[in-house]
Amino acid sequence: GEAFCFNKIVPGYFSRINADGVWSDGSICGNDTASERNMVHKYLVDSVCYWADEYHIDGFRFDLVGLIDVKTINAITTEVHKKHPNVIFYGEGWDMPTELTKECELAIQPNSPKMPEFSFFNDTIRDLLRGNIQKDTDPGYVAGADTAKEVLNACFMGMPAWAANPYQCINYVSCHDNNTLFDRLALAAPDTPAEILIRMNNLAAAIYMILMISHFESSMYLYSVMRAFQTIIGVSIAWFINVKLLPYPPRPGTLSYWLMEKISGKKPVSNTDK
């Protein structure tokens with residue numbers, strides 16, 4: 001609002017204001033940046049170019065990019081890629097209410113065809129697997145919900161309804177927002193034993209990892225899935241690796257055997273011990 005340093009330099013220019021003189025707050029953070037204004041547009045483009053040139057930053061995540069206009073996003077990716085063609089750009093393409101100062105198109109998911117060098121988080125697969133993010137007790141596919149299989153299949157192909165190309169689709173299940181995946185599962189299925197919740201969690205991770213193999217862009221969020229295990233990190237990861245990824249019971253000389261020995265402090269039982 002008014003206290004923002006840029007709005008002190010040029011009052012009411014850097015942030016959006018509605019017809020009644022009220023600061024636009026589609027971001028739910030107090031104000032929305034008026035990227036459609038010429039000098040704000042230039043400031044954003046110049047800033048990202050500077051960070052790429054001087055600090056060698058090779059990836060940019062735009063929080064609530066749906067509040068920034070398409071023209072500005074394309075100018076940023078185009079200018080940066082002239083010198084740094086391997087820099088990646090991605091963000092949250094949610095469609096949020098904002099008071100534009102002039103007519104323009106915003107960088108939301110459905111406009112992905114107009115931003116070919118920008119990728120978006122896929123909340124479609126997120127909500128299918130864990131449940132509607134706006135409803136804490138709403139179960140998703142891994143908790144037994146009757147999920148629309150054709151939509152899930154489209155996400156496996158990297159082509160949810162809004163995506164123009166698979167490389168623009170960043171699949172994920174858990175991120176920094178809201179509950180961790182395990183806690184969310186516990187809310188959606190409160191009477192479920194812990195060992196079953198762990199399996200649900202691992203199922204979500206397994207699905208995500210398959211998607212990651214299919215769509216390389218999702219690899220940047222591998223550790224976001226691992227964050228879902230923070231309540232029971234040791235047991236969950238050990239179970240997933242030992243049971244699902246490597247031989248079980250573990251055989252001496254395998255990674256699963258070594259991991260279990262390190263985690264438990266003793267040699268695990270294997271087929272060769274029977």
# chains A, B, ... in the order shown; residues from 1 in each chain; ligands from 1
$ residues_around --residues "range 164-171 of chain A" --least-positions-apart "2" --cutoff "6 Å" --atoms "only C-alpha atoms" --output "JSON, numbers by chain"
{"A": [112, 113, 119, 120, 121, 122, 158, 159, 217, 218]}
$ select_by_dssp --residues "range 46-198 of chain A" --states "strand (DSSP E or B)" --output "VMD selection string"
chain A and resid 59 to 62 69 88 to 91 106 119 to 122 169 to 171
$ residues_around --residues "range 56-62 of chain A" --least-positions-apart "3" --cutoff "12 Å" --atoms "only C-alpha atoms" --output "ChimeraX atom specification"
/A:44,47-53,65-68,73,76-77,80-81,83-94,107-108,117-121,170,217,220-221
$ select_by_dssp --residues "range 57-239 of chain A" --states "helix (DSSP H, G or I)" --output "ChimeraX atom specification"
/A:65-67,70-83,109-114,123-130,141-143,149-156,166-168,181-188,194-214,216-227,230-239
$ atom_distance --atom1 "CA of Gly26 in chain A" --atom2 "CA of Leu129 in chain A"
26.9 Å
$ atom_distance --atom1 "CA of Pro139 in chain A" --atom2 "CA of Ala188 in chain A"
5.2 Å
$ residues_around --residues "Ala19 in chain A" --least-positions-apart "5" --cutoff "12 Å" --atoms "only C-alpha atoms" --output "ChimeraX atom specification"
/A:24,98-102
$ write_last_selection --atoms "all heavy atoms" --output "compact mmCIF listing (two decimals), in the first residue's frame"
# COMPACT_ATOMS: atom_id res chain seq x y z
N SER A 24 -5.72 -3.01 -4.55
CA SER A 24 -6.12 -4.35 -4.98
C SER A 24 -5.37 -5.39 -4.16
O SER A 24 -4.16 -5.26 -3.93
CB SER A 24 -5.83 -4.54 -6.47
OG SER A 24 -6.18 -5.82 -6.90
N THR A 98 -7.93 -9.58 -9.25
CA THR A 98 -7.08 -8.40 -9.12
C THR A 98 -7.65 -7.26 -9.96
O THR A 98 -8.36 -7.50 -10.94
CB THR A 98 -5.63 -8.72 -9.57
OG1 THR A 98 -4.78 -7.61 -9.27
CG2 THR A 98 -5.56 -9.03 -11.05
N GLU A 99 -7.37 -6.05 -9.58
CA GLU A 99 -7.89 -4.85 -10.26
C GLU A 99 -6.83 -4.32 -11.22
O GLU A 99 -5.91 -3.62 -10.82
CB GLU A 99 -8.26 -3.78 -9.23
CG GLU A 99 -9.35 -4.18 -8.25
CD GLU A 99 -10.73 -4.16 -8.88
OE1 GLU A 99 -10.90 -3.58 -9.98
OE2 GLU A 99 -11.66 -4.70 -8.25
N LEU A 100 -6.95 -4.69 -12.49
CA LEU A 100 -5.97 -4.24 -13.48
C LEU A 100 -6.11 -2.75 -13.77
O LEU A 100 -7.22 -2.22 -13.79
CB LEU A 100 -6.14 -5.04 -14.77
CG LEU A 100 -5.81 -6.53 -14.69
CD1 LEU A 100 -6.25 -7.24 -15.96
CD2 LEU A 100 -4.32 -6.75 -14.44
N THR A 101 -4.98 -2.10 -14.03
CA THR A 101 -5.01 -0.68 -14.35
C THR A 101 -5.26 -0.44 -15.84
O THR A 101 -5.61 0.66 -16.25
CB THR A 101 -3.68 0.00 -13.96
OG1 THR A 101 -2.62 -0.60 -14.70
CG2 THR A 101 -3.42 -0.20 -12.46
N LYS A 102 -5.07 -1.48 -16.64
CA LYS A 102 -5.41 -1.43 -18.06
C LYS A 102 -5.60 -2.86 -18.56
O LYS A 102 -5.13 -3.82 -17.93
CB LYS A 102 -4.35 -0.70 -18.88
CG LYS A 102 -2.96 -1.32 -18.85
CD LYS A 102 -1.99 -0.46 -19.65
CE LYS A 102 -0.58 -1.03 -19.62
NZ LYS A 102 0.39 -0.18 -20.34
$ atom_distance --atom1 "CA of Ala189 in chain A" --atom2 "CA of Lys149 in chain A"
21.1 Å
$ closest_residue --among "A:Pro193, A:Asn201, A:Arg37, A:Ser27" --to "Thr180 in chain A" --atoms "only C-alpha atoms"
A:Asn201
$ closest_residue --among "A:Val142, A:Cys155, A:Ala34, A:Cys29" --to "Ile17 in chain A" --atoms "only C-alpha atoms"
A:Ala34
$ residues_around --residues "Gly21 in chain A" --least-positions-apart "6" --cutoff "12 Å" --atoms "only C-alpha atoms" --output "VMD selection string"
chain A and resid 1 to 2 11 to 13 15 99 101
$ closest_residue --among "A:Leu106, A:Pro97, A:Ala204, A:Lys71" --to "Asp25 in chain A" --atoms "only C-alpha atoms"
A:Pro97
$ closest_residue --among "A:Thr33, A:Ile125, A:Phe6, A:Lys82" --to "Asp63 in chain A" --atoms "only C-alpha atoms"
A:Thr33
$ closest_residue --among "A:Asp20, A:Asp46, A:Asp191, A:Asp177" --to "Ile133 in chain A" --atoms "only C-alpha atoms"
A:Asp177
